[in-house]
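J.: I am sharing final-v2.txt, which consists of compact mmCIF, C-alpha atoms:
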# COMPACT_ATOMS: atom_id res chain seq x y z
CA MET H 80 -0.71 -107.26 -37.77
CA SER H 81 -4.19 -105.77 -37.30
CA LEU H 82 -5.23 -102.42 -38.77
CA VAL H 83 -5.41 -100.86 -35.30
CA SER H 84 -1.98 -102.08 -34.25
CA GLY H 85 -0.55 -101.00 -37.62
CA ARG H 86 -1.85 -97.46 -37.15
CA ALA H 87 -0.54 -97.36 -33.59
CA TRP H 88 2.89 -98.46 -34.79
CA ARG H 89 2.98 -95.79 -37.51
CA THR H 90 1.84 -93.12 -35.05
CA ALA H 91 4.52 -94.14 -32.55
CA ALA H 92 7.15 -94.14 -35.29
CA ALA H 93 6.07 -90.66 -36.41
CA LEU H 94 6.25 -89.32 -32.87
CA LEU H 95 9.64 -90.86 -32.08
CA PRO H 96 11.72 -88.00 -33.56
CA VAL H 97 9.58 -85.51 -31.62
CA GLY H 98 10.21 -87.40 -28.41
CA VAL H 99 13.93 -87.61 -29.06
CA ALA H 100 14.11 -83.88 -29.75
CA ALA H 101 12.13 -83.07 -26.60
CA ALA H 102 14.36 -85.26 -24.46
CA HIS H 103 17.41 -83.60 -26.00
CA ILE H 104 16.43 -79.95 -25.61
CA GLY H 105 14.09 -80.23 -22.60
CA PRO H 106 16.80 -79.41 -20.01
CA ALA H 107 17.40 -76.11 -21.83
CA ALA H 108 14.36 -74.78 -19.94
CA THR H 109 16.78 -74.34 -17.04
CA TRP H 110 18.12 -71.32 -18.97
CA LEU H 111 15.19 -69.38 -17.46
CA PRO H 112 16.67 -67.85 -14.29
CA GLY H 113 13.48 -67.87 -12.21
CA LEU H 114 12.73 -71.51 -12.95
CA ARG H 115 16.33 -72.53 -12.39
CA LEU H 116 16.77 -70.72 -9.08
CA ARG H 117 13.51 -72.07 -7.70
CA PHE H 118 13.70 -75.68 -8.82
CA CYS H 119 17.42 -76.26 -9.48
CA PRO H 120 19.39 -74.12 -7.01
CA GLY H 121 22.46 -76.30 -7.40
CA LEU H 122 22.43 -75.72 -11.14
CA SER H 123 22.18 -71.97 -10.45
CA GLY H 124 25.39 -72.18 -8.45
CA THR H 125 23.74 -71.62 -5.09
CA GLY H 126 26.43 -72.14 -2.48
CA ARG H 127 27.70 -70.74 0.80
CA PRO H 128 25.30 -68.02 2.00
CA ASP H 129 28.21 -65.82 3.09
CA HIS H 130 29.93 -66.06 -0.29
CA VAL H 131 29.47 -65.02 -3.93
CA ALA H 132 31.12 -66.98 -6.73
CA LEU H 133 32.62 -64.86 -9.50
CA THR H 134 32.83 -66.54 -12.91
CA PHE H 135 33.89 -65.55 -16.43
CA ASP H 136 33.07 -67.21 -19.76
CA ASP H 137 34.48 -67.60 -23.28
CA GLY H 138 38.24 -67.06 -22.85
CA PRO H 139 41.11 -67.16 -22.71
CA ASP H 140 41.71 -64.08 -24.86
CA PRO H 141 45.22 -62.59 -25.07
CA GLU H 142 43.83 -59.09 -25.54
CA SER H 143 41.33 -58.91 -22.71
CA THR H 144 41.85 -61.74 -20.21
CA PRO H 145 45.12 -60.27 -18.83
CA ARG H 146 43.21 -57.05 -18.02
CA PHE H 147 40.79 -59.04 -15.89
CA LEU H 148 43.62 -60.90 -14.18
CA ASP H 149 45.26 -57.59 -13.31
CA ALA H 150 41.97 -56.14 -12.03
CA LEU H 151 41.33 -59.19 -9.87
CA ASP H 152 44.85 -58.92 -8.45
CA ASP H 153 44.17 -55.29 -7.57
CA LEU H 154 40.93 -56.33 -5.85
CA GLY H 155 42.55 -59.26 -4.04
CA THR H 156 39.86 -61.49 -5.50
CA ARG H 157 39.96 -64.88 -7.24
CA ALA H 158 37.49 -66.28 -9.76
CA THR H 159 36.57 -69.24 -11.97
CA PHE H 160 37.22 -68.95 -15.72
CA PHE H 161 35.12 -71.19 -17.98
CA VAL H 162 37.32 -71.65 -21.03
CA LEU H 163 36.82 -72.95 -24.55
CA GLY H 164 39.16 -75.75 -25.51
CA GLU H 165 39.96 -74.32 -28.93
CA ARG H 166 40.97 -71.01 -27.30
CA LEU H 167 42.92 -72.73 -24.53
CA VAL H 168 45.22 -74.62 -26.88
CA ARG H 169 45.95 -71.42 -28.81
CA ASP H 170 47.01 -69.57 -25.65
CA PRO H 171 48.20 -72.20 -23.17
CA GLY H 172 50.53 -69.77 -21.44
CA LEU H 173 47.60 -67.52 -20.57
CA ALA H 174 45.72 -70.44 -19.02
CA ARG H 175 48.79 -71.34 -16.97
CA GLU H 176 49.10 -67.73 -15.85
CA THR H 177 45.45 -67.73 -14.81
CA VAL H 178 46.06 -70.70 -12.52
CA ALA H 179 49.38 -69.29 -11.28
CA ARG H 180 47.50 -66.19 -10.12
CA GLY H 181 45.21 -68.34 -8.00
CA HIS H 182 42.17 -68.71 -10.23
CA GLU H 183 40.25 -71.80 -11.35
CA VAL H 184 39.97 -72.96 -14.95
CA ALA H 185 36.73 -74.78 -15.80
CA VAL H 186 35.15 -76.23 -18.96
CA HIS H 187 32.92 -74.22 -21.31
CA GLY H 188 33.19 -76.71 -24.17
CA TRP H 189 35.54 -77.06 -27.10
CA THR H 190 33.71 -74.53 -29.30
CA HIS H 191 30.97 -71.98 -28.63
CA ASP H 192 28.15 -73.58 -30.59
CA ARG H 193 24.39 -73.92 -30.14
CA PRO H 194 23.35 -77.54 -29.56
CA TRP H 195 20.05 -77.65 -31.43
CA ARG H 196 20.61 -81.12 -32.92
CA PRO H 197 21.23 -84.16 -30.72
CA ALA H 198 24.88 -85.20 -30.96
CA PRO H 199 25.69 -87.17 -27.79
CA ALA H 200 28.84 -88.78 -29.16
CA ARG H 201 30.25 -85.43 -30.26
CA ASP H 202 29.26 -83.77 -26.97
CA SER H 203 31.01 -86.47 -24.99
CA ALA H 204 34.15 -86.34 -27.14
CA GLU H 205 34.44 -82.53 -27.07
CA ILE H 206 33.86 -82.16 -23.34
CA ALA H 207 36.36 -84.94 -22.60
CA ARG H 208 38.81 -83.31 -25.01
CA THR H 209 38.50 -79.99 -23.18
CA VAL H 210 38.98 -81.66 -19.81
CA ARG H 211 42.20 -83.24 -21.08
CA ALA H 212 43.40 -79.93 -22.50
CA VAL H 213 42.80 -78.10 -19.21
CA ARG H 214 44.56 -80.84 -17.26
CA ASP H 215 47.51 -81.03 -19.65
CA VAL H 216 47.99 -77.25 -19.85
CA THR H 217 47.40 -76.26 -16.23
CA GLY H 218 48.29 -79.46 -14.40
CA ARG H 219 44.91 -79.41 -12.67
CA ARG H 220 41.77 -81.34 -13.41
CA PRO H 221 38.70 -79.10 -13.87
CA GLN H 222 35.64 -79.58 -11.67
CA TRP H 223 32.93 -77.52 -13.36
CA TYR H 224 31.09 -77.31 -16.68
CA ARG H 225 28.94 -74.54 -18.15
CA PRO H 226 27.49 -75.06 -21.64
CA PRO H 227 27.82 -72.29 -24.23
CA TYR H 228 24.94 -69.80 -24.05
CA GLY H 229 23.83 -71.61 -20.89
CA ILE H 230 21.87 -74.01 -23.10
CA LEU H 231 21.94 -77.34 -21.28
CA THR H 232 20.86 -80.43 -23.20
CA SER H 233 20.48 -83.96 -21.94
CA GLY H 234 23.50 -85.02 -24.02
CA ARG H 235 25.76 -82.32 -22.64
CA TRP H 236 24.59 -82.88 -19.09
CA ALA H 237 25.32 -86.61 -19.40
CA ALA H 238 28.67 -85.96 -21.11
CA ALA H 239 29.72 -83.61 -18.31
CA ARG H 240 28.80 -86.19 -15.68
CA ARG H 241 30.79 -88.87 -17.49
CA ALA H 242 33.76 -86.50 -17.53
CA GLY H 243 33.45 -86.01 -13.77
CA LEU H 244 32.22 -82.42 -14.05
CA ARG H 245 29.43 -80.66 -12.17
CA THR H 246 27.28 -78.39 -14.33
CA VAL H 247 26.92 -74.86 -12.95
CA LEU H 248 25.05 -72.02 -14.64
CA TRP H 249 24.51 -68.75 -12.69
CA SER H 250 22.09 -66.75 -10.57
CA ALA H 251 23.13 -63.22 -11.63
CA TRP H 252 24.62 -61.92 -14.85
CA GLY H 253 25.68 -58.60 -16.28
CA GLU H 254 24.29 -58.91 -19.83
CA ASP H 255 27.71 -57.62 -20.77
CA TRP H 256 27.76 -59.14 -24.25
CA THR H 257 25.62 -56.50 -26.00
CA ALA H 258 26.82 -53.56 -28.07
CA ASP H 259 25.09 -51.05 -25.77
CA ALA H 260 26.37 -52.51 -22.48
CA THR H 261 28.17 -50.08 -20.19
CA ALA H 262 29.89 -50.46 -16.84
CA ALA H 263 26.83 -48.86 -15.24
CA SER H 264 24.37 -51.20 -16.98
CA VAL H 265 26.41 -54.26 -16.04
CA ARG H 266 26.58 -53.16 -12.40
CA ALA H 267 22.84 -52.56 -12.30
CA ARG H 268 21.97 -55.84 -13.98
CA VAL H 269 24.16 -57.87 -11.59
CA ALA H 270 22.86 -55.95 -8.57
CA ALA H 271 19.26 -56.79 -9.46
CA ASP H 272 19.84 -60.49 -8.75
CA LEU H 273 22.87 -60.44 -6.47
CA ARG H 274 22.47 -62.48 -3.29
CA GLY H 275 24.68 -64.19 -0.79
CA GLY H 276 25.14 -67.73 -2.02
CA GLY H 277 24.84 -66.64 -5.66
CA THR H 278 27.02 -67.13 -8.72
CA VAL H 279 27.79 -64.16 -10.99
CA LEU H 280 28.39 -64.56 -14.73
CA LEU H 281 30.54 -62.08 -16.67
CA HIS H 282 32.66 -62.42 -19.84
CA ASP H 283 36.39 -61.78 -20.12
CA THR H 284 36.32 -61.56 -23.93
CA ASP H 285 34.17 -60.38 -26.84
CA ARG H 286 35.01 -63.32 -29.10
CA HIS H 287 31.36 -64.43 -29.15
CA SER H 288 29.63 -61.14 -28.46
CA ALA H 289 29.64 -57.48 -29.50
CA PRO H 290 33.10 -56.09 -30.31
CA GLY H 291 34.68 -54.34 -27.33
CA CYS H 292 31.88 -55.21 -24.93
CA TRP H 293 34.34 -56.73 -22.46
CA HIS H 294 35.23 -53.17 -21.41
CA SER H 295 31.80 -52.90 -19.76
CA ALA H 296 32.41 -55.98 -17.61
CA LEU H 297 35.90 -54.86 -16.70
CA GLY H 298 34.63 -51.41 -15.75
CA ALA H 299 31.88 -52.86 -13.57
CA LEU H 300 34.06 -55.41 -11.79
CA PRO H 301 35.42 -53.26 -8.93
CA ALA H 302 31.96 -51.99 -7.94
CA ILE H 303 30.46 -55.51 -8.04
CA VAL H 304 33.18 -56.84 -5.74
CA ARG H 305 32.92 -53.85 -3.40
CA ARG H 306 29.15 -54.23 -3.21
CA CYS H 307 29.56 -57.80 -2.02
CA GLN H 308 32.26 -56.92 0.47
CA ASP H 309 30.24 -54.03 1.90
CA ALA H 310 27.41 -56.51 2.47
CA GLY H 311 29.76 -58.77 4.46
CA LEU H 312 30.14 -61.32 1.68
CA THR H 313 33.36 -62.84 0.44
CA VAL H 314 33.96 -63.24 -3.29
CA GLY H 315 35.87 -66.08 -4.87
CA PRO H 316 35.90 -69.10 -7.18
CA LEU H 317 33.39 -71.93 -7.28
CA ALA H 318 35.76 -74.21 -5.38
CA ASP H 319 35.35 -71.95 -2.34
CA HIS H 320 31.62 -71.60 -2.92
CA LEU H 321 30.09 -75.02 -3.46
CA HIS H 322 30.15 -77.78 -0.88
CA PRO H 323 27.57 -80.27 0.50
CA ALA H 324 26.78 -78.15 3.55
CA ALA H 325 25.85 -75.08 1.49
CA THR H 326 22.09 -75.48 1.87
CA ALA H 327 21.12 -72.35 3.76
CA ARG H 328 18.78 -69.96 2.01
CA PRO H 329 20.65 -67.16 0.21
CA GLY H 330 20.40 -63.73 1.79
CA ALA H 331 19.88 -60.42 0.00
CA VAL H 332 22.76 -58.04 -0.55
CA SER H 333 22.33 -54.74 1.24
CA PRO H 334 21.83 -51.76 -1.08
CA ALA H 335 24.28 -49.81 1.05
CA GLY H 336 27.16 -51.28 -0.93
CA GLU H 337 25.92 -50.21 -4.36
CA GLY H 338 28.68 -48.74 -6.47
Would you give me this structure, written as structure tokens?
T.:
Amino acid sequence: MSLVSGRAWRTAAALLPVGVAAAHIGPAATWLPGLRLRFCPGLSGTGRPDHVALTFDDGPDPESTPRFLDALDDLGTRATFFVLGERLVRDPGLARETVARGHEVAVHGWTHDRPWRPAPARDSAEIARTVRAVRDVTGRRPQWYRPPYGILTSGRWAAARRAGLRTVLWSAWGEDWTADATAASVRARVAADLRGGGTVLLHDTDRHSAPGCWHSALGALPAIVRRCQDAGLTVGPLADHLHPAATARPGAVSPAGEG
């Protein structure tokens, strides 16, 4: 081996871990809402322009999730709940009740961890495990995946595809996980990015956020739904929102419906 080729080999070997890390975490750039909506509208949950998808993360939670189910019943609205496998198996009856009330149950992962280190085998096993748990508990196979914290890695994206799931993040969120969140702040934050064809992210639990913060999302929920309805938009789960023909440009929500 020549001196030049030896140096090139050592340089390539030194850079290999950097390349692996970049390939692993690179897709996490889609966490940025502006970039995601512009370049990856499908990943943002862009769907029917006359519809808004309503989604909740991190449950099920026996304390708070039933409050959301009751509120959605009162509003005559259905939603998609992205659940954690470890929470699902602790409260299977609540997941069954969620489906019985007409809602979707989707995959948020087995645990709510941050995927900084590449672990493709673990990602694949945990996503598949959650899919099986949802199917066994509810009798329905989930269709959608949203990674914890919205941090999408190449390993988790590939694992979701192998499990037959479509990854969906969001286009509007309430920032309802903070200690200072209020119903008014959640309404305002969602309204800033709310459009026909969009997907809204809220949380039906505080298990991975500030204690009691779910009250802010619950308090904001009626006004968010009314705002959409006043703008002539229907609100529902992702199954009613995403389909191959949903390619029209999203339209803005009229301010007249602001609650």
J.: Neighbouring residues of Ala267 in chain H were defined as those with any atom within 10 Å, considering all atoms listed in the file; residues of the same chain fewer than 2 positions away were excluded. Please report them as an MDAnalysis selection string.
T.: chainID H and resid 252:254 261:265 269:273 299 303 337:338
J.: Can you measure CA of Val178 in chain H to CA of Pro227 in chain H for me? One decimal in Å is fine.
T.: 21.7 Å
J.: If you measure from CA of Leu148 in chain H to CA of Arg245 in chain H, what distance in Å do you get, rounded to one decimal?
T.: 24.4 Å
J.: Skip range 283-287 of chain H itself and residues of its chain fewer than 3 positions away, then list as a PyMOL selection string all residues within 12 Å of it, counting all atoms listed in the file.
T.: chain H and resi 133-151+158-163+166+190-193+227-228+253+255-258+260+280+290-300
J.: Rank H:Ala132, H:Val186, H:Ala212, H:Ala204 by their smallest atom-to-atom distance to Asp170 in chain H, using all atoms listed in the file, and report the top residue only.
T.: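 Looking at the shortest contact to Asp170 in chain H, the residue is H:Ala212.
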J.: Contacts of Trp249 in chain H at 8 Å or less, counting all atoms listed in the file, minus same-chain residues fewer than 6 places along, as a list in words?
T.: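 Surrounding residues, per the criterion: Leu122, Ser123, Gly124, Gly277, Thr278, Val279 and Leu280 of chain H.
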J.: What are the nearest atom pairs, with distances in Å to one decimal, for all residues of range 243-310 of chain H that come at most 8 Å from range 314-322 of chain H, using only C-alpha atoms, set out by chain and rising residue number as JSON lines?
T.:
{"residue": "H:Gly276", "atom": "CA", "partner": "H:His320", "partner_atom": "CA", "distance": 7.6}
{"residue": "H:Val304", "atom": "CA", "partner": "H:Val314", "partner_atom": "CA", "distance": 6.9}
{"residue": "H:Cys307", "atom": "CA", "partner": "H:Val314", "partner_atom": "CA", "distance": 7.1}
{"residue": "H:Gln308", "atom": "CA", "partner": "H:Val314", "partner_atom": "CA", "distance": 7.5}
J.: If we count all atoms listed in the file and set the cut-off at 8 Å, which residues sit around Gln222 in chain H, ignoring sequence neighbours fewer than 2 positions away in its own chain? Please answer as a ChimeraX atom specification.
T.: /H:185,220,224,243-245
J.: Enter the distance from CA of Asp215 in chain H to CA of Gly234 in chain H, in Å, rounded to one decimal.
T.: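 Separating CA of Asp215 in chain H from CA of Gly234 in chain H is a distance of 24.7 Å.
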J.: Would you mind putting N, CA, C and O atoms back on range 225-243 of chain H and writing the result as a compact mmCIF listing (two decimals), in the frame of the given file?
T.:
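Contents of result_18.txt, as written:
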# COMPACT_ATOMS: atom_id res chain seq x y z
N ARG H 225 30.04 -75.44 -17.80
CA ARG H 225 28.94 -74.54 -18.15
C ARG H 225 28.80 -74.57 -19.66
O ARG H 225 29.74 -74.23 -20.39
N PRO H 226 27.65 -74.97 -20.19
CA PRO H 226 27.49 -75.06 -21.64
C PRO H 226 27.45 -73.68 -22.28
O PRO H 226 27.01 -72.71 -21.66
N PRO H 227 27.92 -73.56 -23.53
CA PRO H 227 27.82 -72.29 -24.23
C PRO H 227 26.39 -71.77 -24.27
O PRO H 227 25.44 -72.55 -24.43
N TYR H 228 26.24 -70.47 -24.10
CA TYR H 228 24.94 -69.80 -24.05
C TYR H 228 24.08 -70.24 -22.87
O TYR H 228 22.93 -69.83 -22.74
N GLY H 229 24.62 -71.09 -22.00
CA GLY H 229 23.83 -71.61 -20.89
C GLY H 229 22.75 -72.58 -21.33
O GLY H 229 21.83 -72.87 -20.57
N ILE H 230 22.87 -73.09 -22.56
CA ILE H 230 21.87 -74.01 -23.10
C ILE H 230 22.27 -75.44 -22.74
O ILE H 230 23.18 -76.02 -23.36
N LEU H 231 21.61 -75.99 -21.75
CA LEU H 231 21.94 -77.34 -21.28
C LEU H 231 21.02 -78.34 -21.95
O LEU H 231 19.80 -78.23 -21.90
N THR H 232 21.62 -79.33 -22.60
CA THR H 232 20.86 -80.43 -23.20
C THR H 232 21.12 -81.70 -22.42
O THR H 232 22.07 -81.78 -21.63
N SER H 233 20.28 -82.70 -22.65
CA SER H 233 20.48 -83.96 -21.94
C SER H 233 21.82 -84.58 -22.31
O SER H 233 22.51 -85.16 -21.47
N GLY H 234 22.22 -84.45 -23.59
CA GLY H 234 23.50 -85.02 -24.02
C GLY H 234 24.68 -84.35 -23.37
O GLY H 234 25.64 -85.02 -22.95
N ARG H 235 24.64 -83.04 -23.25
CA ARG H 235 25.76 -82.32 -22.64
C ARG H 235 25.79 -82.52 -21.13
O ARG H 235 26.87 -82.59 -20.54
N TRP H 236 24.63 -82.61 -20.53
CA TRP H 236 24.59 -82.88 -19.09
C TRP H 236 25.20 -84.25 -18.81
O TRP H 236 26.02 -84.41 -17.91
N ALA H 237 24.79 -85.25 -19.60
CA ALA H 237 25.32 -86.61 -19.40
C ALA H 237 26.81 -86.67 -19.71
O ALA H 237 27.58 -87.33 -19.00
N ALA H 238 27.25 -85.96 -20.75
CA ALA H 238 28.67 -85.96 -21.11
C ALA H 238 29.51 -85.32 -20.00
O ALA H 238 30.60 -85.80 -19.68
N ALA H 239 29.00 -84.25 -19.41
CA ALA H 239 29.72 -83.61 -18.31
C ALA H 239 29.83 -84.54 -17.11
O ALA H 239 30.89 -84.64 -16.48
N ARG H 240 28.76 -85.24 -16.80
CA ARG H 240 28.80 -86.19 -15.68
C ARG H 240 29.80 -87.30 -15.94
O ARG H 240 30.56 -87.68 -15.04
N ARG H 241 29.83 -87.81 -17.17
CA ARG H 241 30.79 -88.87 -17.49
C ARG H 241 32.22 -88.36 -17.36
O ARG H 241 33.13 -89.13 -17.02
N ALA H 242 32.42 -87.09 -17.63
CA ALA H 242 33.76 -86.50 -17.53
C ALA H 242 34.11 -86.10 -16.10
O ALA H 242 35.19 -85.56 -15.86
N GLY H 243 33.20 -86.34 -15.16
CA GLY H 243 33.45 -86.01 -13.77
C GLY H 243 33.26 -84.55 -13.43
O GLY H 243 33.83 -84.05 -12.45
